[in-house]
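Heads up, the thing below is written out as structure tokens.
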Amino acid sequence: MTFFPVRLLSSLVAVLLCSACIGGTSDEARFYLLSSEQLASGGATTSAAITQQVELGPIHLAQYLDRPQIVTGTGNNRIALAEFDRWAGRLSDEISRLLMQQLSRHQPGLLVRPAPWRLAAAPDVQLELWINQFEGMPGGAARLQARYLLRRPRRTAQQGQLHYQRQTTGPDYPQLVATQAELIADLAADLARLLGKEP
């Protein structure tokens, strides 16, 4: 009979346990973008002369949203993190990209660029956003709450809060993410109207 030293046997057990942790699951992470592909194509899309230059950002996320995992609300002031369903990039960048697309669609005269502003001419407007709520449940409702601050040179700043809710179209995460993209499009439509008004 062969005897192994206790330390060697413990090391072998630890290696086997680690191997099971690494190879014992078949789940793979799925990554999502906030896309405009499934959004309604109505509204202005033609090119136009630039009437306003808009600096979009910074976009501030509530701390619980600033993470790779998609956040779902489970009710009773509780949230859950989707370990295998994640954003493909930083959520603030995803929101900024989709907002720029949608703002320009609603107001073709807007030249929208993310903060920090890098063009020679100063922007006409700075639009800063705080995203305080942006979660939902697959098969349930998705919600967005945002606070905005509009600054124009030598003008009084405008600020306010906007709230949105939509029912998801299916029981899975792709439908939840598509509904969240629609919420960002709703936000963009209201922001475009604000930008189109004289303060």
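Residue numbers start at 1 in each chain; chains themselves are named A, B, ... in the order of the structure tokens; ligands are numbered from 1 in the order shown.
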
Contacts of Ile95 (chain A) at 10 Å (only C-alpha atoms; same-chain gap of 6+ positions) as a PyMOL selection string: chain A and resi 33-35+59+131+180-181+184-185

Spatial neighbours of Leu194 (chain A), max dist 12 Å, only C-alpha atoms, sep filter under 3 positions, as a PyMOL selection string: chain A and resi 103+106-107+125+127+148-151+158-160+162+187-191+197-199

Members of region 19-180 of chain A assigned strand (DSSP E) by DSSP, as an MDAnalysis selection string: chainID A and resid 30:32 52:61 69:75 78:87 110:114 125:136 141:151 158:167

Contacts of Leu119 (chain A) within 10 Å, only C-alpha atoms, excl. fewer than 4 positions in-chain, as a list of chain:residue names: A:Gln53, A:Arg113, A:Pro123

Shell of 12 Å around Gln63 (chain A), only C-alpha atoms, local chain residues under 5 positions omitted, as number ranges by chain: A: 68, 71, 91-92, 130-134

Once you have the residues from the selection above, write them out as a PDB file, in the first residue's frame, restricted to N, CA and C atoms.
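Ended up saving to again-v4.pdb:
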```pdb
ATOM      1  N   PRO A  68     -20.839  46.007 -14.978  1.00  0.00           N
ATOM      2  CA  PRO A  68     -21.039  45.297 -16.253  1.00  0.00           C
ATOM      3  C   PRO A  68     -22.356  44.535 -16.323  1.00  0.00           C
ATOM      4  N   VAL A  71     -28.804  45.084 -14.555  1.00  0.00           N
ATOM      5  CA  VAL A  71     -29.492  45.136 -13.261  1.00  0.00           C
ATOM      6  C   VAL A  71     -30.984  44.932 -13.485  1.00  0.00           C
ATOM      7  N   LEU A  91     -21.971  51.179 -19.442  1.00  0.00           N
ATOM      8  CA  LEU A  91     -23.362  51.565 -19.651  1.00  0.00           C
ATOM      9  C   LEU A  91     -23.489  53.047 -19.963  1.00  0.00           C
ATOM     10  N   SER A  92     -22.699  53.892 -19.327  1.00  0.00           N
ATOM     11  CA  SER A  92     -22.770  55.326 -19.612  1.00  0.00           C
ATOM     12  C   SER A  92     -22.397  55.614 -21.064  1.00  0.00           C
ATOM     13  N   TRP A 130     -28.068  62.785 -15.226  1.00  0.00           N
ATOM     14  CA  TRP A 130     -27.926  61.849 -14.119  1.00  0.00           C
ATOM     15  C   TRP A 130     -28.969  60.743 -14.320  1.00  0.00           C
ATOM     16  N   ILE A 131     -28.520  59.516 -14.499  1.00  0.00           N
ATOM     17  CA  ILE A 131     -29.425  58.382 -14.658  1.00  0.00           C
ATOM     18  C   ILE A 131     -29.582  57.734 -13.282  1.00  0.00           C
ATOM     19  N   ASN A 132     -30.742  57.934 -12.672  1.00  0.00           N
ATOM     20  CA  ASN A 132     -30.976  57.465 -11.308  1.00  0.00           C
ATOM     21  C   ASN A 132     -31.675  56.109 -11.255  1.00  0.00           C
ATOM     22  N   GLN A 133     -32.353  55.732 -12.326  1.00  0.00           N
ATOM     23  CA  GLN A 133     -33.021  54.434 -12.381  1.00  0.00           C
ATOM     24  C   GLN A 133     -32.993  53.939 -13.822  1.00  0.00           C
ATOM     25  N   PHE A 134     -32.605  52.691 -14.002  1.00  0.00           N
ATOM     26  CA  PHE A 134     -32.569  52.109 -15.346  1.00  0.00           C
ATOM     27  C   PHE A 134     -32.513  50.591 -15.193  1.00  0.00           C
TER      28      PHE A 134
END
```
